[in-house]
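Visitor: Mind having a look at this structure? Questions to follow.
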Amino acid sequence: MKRTEIKYLLELIDFGKDINVKGWVRTKRISKNVAFIALNDGSTIKNVQIVVELNKETEKILEHIYTGAALSVDGVLTESLGKGQKVEIQAKNIVVLGEANPEEYPLQPKKHSLEFLREKAHLRYRTSTFSAIARVRHAMIFALHKYFNDHNFYNIHTPIITGSDAEGAGEMFQVTTLDLENVPKTEDGKVDYRKDFFGKPANLTVSGQLEGELAALALSKIYTFGPTFRAENSNTTRHLAEFWMIEPEMAFYDLNDNMDLAEDMLKYVIRYALDNCMDDLLFLSKRQQEEEKNKKAEQRSMELIEKLQFVLAEPFVRLTYTEAIRVLMNSKPNKKKRFQYVIEAWGADLQSEHERYLVEKHFKRPVILTDYPADIKAFYMKQNDDGKTVKAMDVLFPQIGEIIGGSQREENYDKLYKRIKELNIPESSMWWYLETRKFGSVPHSGFGLGFERLILFMTGMTNIRDVIPFPRTPLNLEF
RNA sequence: GCCUCCAUAGCUCAGUUGGUUAGAGCAUCUGACUGUUAAUCAGAGGGUCCUAGGUUCAAGUCCUGGUGGGGGCGCCA
């Protein structure tokens with residue numbers, strides 16, 4: 001018999017029909033005459049209830065069925081006699097596909113801590129929380145591709161291994177086939193990279209932006225969606241050494257067009273989740289409220305669905321760095337020196353406490369900050385006429401902080417060249433990038449969206465290690 | 001990289017000022033129960049108190065190192 005996935009099975013109404021269902025046992029309950037098995041196959045957060053009449057034969061099979069076991073069940077679709085579900089399966093034949101010894105299987109029908117599950121990352125998708133996150137994550141991947149496809153963007157695969165060591169976004173992981181026990185040296189004692197695989201040093205990419213710009217200056221609108229690697233020793237709940245980034249890049253877009261796109265894209269994918277993932281979002285909402293029930297009222301998060309709808313309802317606040325500094329300098333925590341870093345003058349880099357104040361306390365909605373001082377931003381950002389600021393934009397979300405960083409790019413060859421020289425970036429690694437400003441250069445813009453940070457926001461999770469299947473962080477490479 | 005907190009049964013945790021045989025709920029096992037919803041009820045088994053030293057008549061409890069983990073900050077997405 002062909003298997004029916006639980007997601008579809010629960011919608012069926014043709015009672016009396018023979019059906020096959022396969023999945024993993026969540027709980028087993030045995031009474032005097034009948035046993036109930038809650039079976040989940042991951043197609044939905046919901047379980048299907050398998051009803052087993054007790055007799056000598058079924059009692060023998062039930063001895064092998066515990067939480068975590070994999071079953072194939074043939075039975076009859078029936079209207080449920082019990083409360084809590086509309087349909088259930090009256091089992092005719094149960095095959096145990098894979099047992100799960102209860103003395104060894106670590107997951108129990110109870111709440112586990114996220115820390116414990118992180119150490120059982122190979123099994124954690126069998127929990128409701130992690131399967132819900134996985135489904136929401138998938139929906140967000142799909143929605144992002146759909147959004148860009150529907151808006152005439154082309155997806156570009158930018159390289160994962162790069163010869164450029166100056167992408168300007170952070171520390172890089174080196175890629176080499178040299179024998180580290182016996183590194184070939186040049187006459188003056190340095191590593192002889194001519195003997196390495198590429199004949200020169202190679203790294204894992206920290207951003208596909210520079211290559212994305214090349215494509216945008218031919219295809220008009222492109223986006224990348226790929227893995228990104230940062231070798232920074234960051235130990236926080238919002239950083240990974242390997243994460244996924246979406247980087248659209250658009251010719252003929254100025255900073256305002258860029259902001260419009262970022263806001264529209266974020267609202268589209270949030271709406272997509274509300275339209276397509278409600279079961280999972282409701283579960284995640286309950287989970288979050290359960291988690292926070294011991295917190296004081298003012299420290300609790302807004303309910304998840306309400307929070308997502310709230311972001312859709314209002315336009316994001318847009319203000320310049322200069323205006324933000326004014327707001328912060330006039331703010332209570334700054335005047336009373338409650339900030340760890342008190343803002344004293346224009347030019348200060350904003351810390352996460354300042355970003356959170358603007359988003360969570362002052363404006364109480366997402367904020368796009370623009371026109372930052374050139375000194376605290378990357379070399380490729382378009383310089384403003386004031387000679388001090390650049391056309392940068394950061395989208396700040398409550399709890400997450402910076403979810404998007406982007407800018408209008410400097411399209412003027414001389415200005416870009418001067419900036420590269422000022423920052424001592426080797427011209428030899430940038431010649432191809434500079435050539436785009438030499439031939440048919442046009443104003444263009446783009447941004448990077450940290451995908452896992454978006455998933456944090458969508459799921460109400462608080463640690464980025466819980467929204468990616470296999471988190472890579474300093475000193476952590478078990479799975 | 002900096003600061004801070006934690007480690008007790010398979011899991012979540014309690015364990016008073018250092019003091020006899022280290023406890024609870026869930027899980028497991030046995031039994032009861034008219035169809036249960038993380039079922040319920042009764043009972044049983046289950047411990048290298050992370051690890052190595054130290055202080056003390058006495059250490060789960062105090063001190064030092066190590067290991068593992070959480071949180072905050074910086075860097076950023």
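Note on naming: chains are A, B, ... as they come in the structure tokens, residues start from 1 per chain, ligands start from 1 in the order shown.
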Please find the residues of chain B near chain A - the criterion being any atom within 12 Å, counting only C-alpha atoms (C1' of nucleotides) - and write them as a VMD selection string.

Guide: chain B and resid 1 to 2 10 to 13 25 to 29 32 to 40 46 68 to 77

Visitor: Can you pull out the residues contacting Ala91 in chain A? Cut-off 7 Å, using only C-alpha atoms (C1' of nucleotides), and skip same-chain residues under 6 positions away; I want them as a PyMOL selection string.

Guide: chain A and resi 50-52+73-76

Visitor: Between CA of Ala348 in chain A and CA of Pro373 in chain A, what is the distance in Å, rounded to a tenth?

Guide: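 CA of Ala348 in chain A sits 8.7 Å away from CA of Pro373 in chain A.
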
Visitor: Would you list the contacts of Trp431 in chain A as JSON, numbers by chain, taking every protein, DNA or RNA residue within 10 Å and counting only C-alpha atoms (C1' of nucleotides), but skipping same-chain residues closer than 5 positions in sequence?

Guide: {"A": [417, 426, 436]}

Visitor: Just the residues within 7 Å of Tyr372 in chain A, please, counting only C-alpha atoms (C1' of nucleotides), with nothing from its chain fewer than 6 positions along; format it as a PyMOL selection string.

Guide: chain A and resi 321+389-390+392
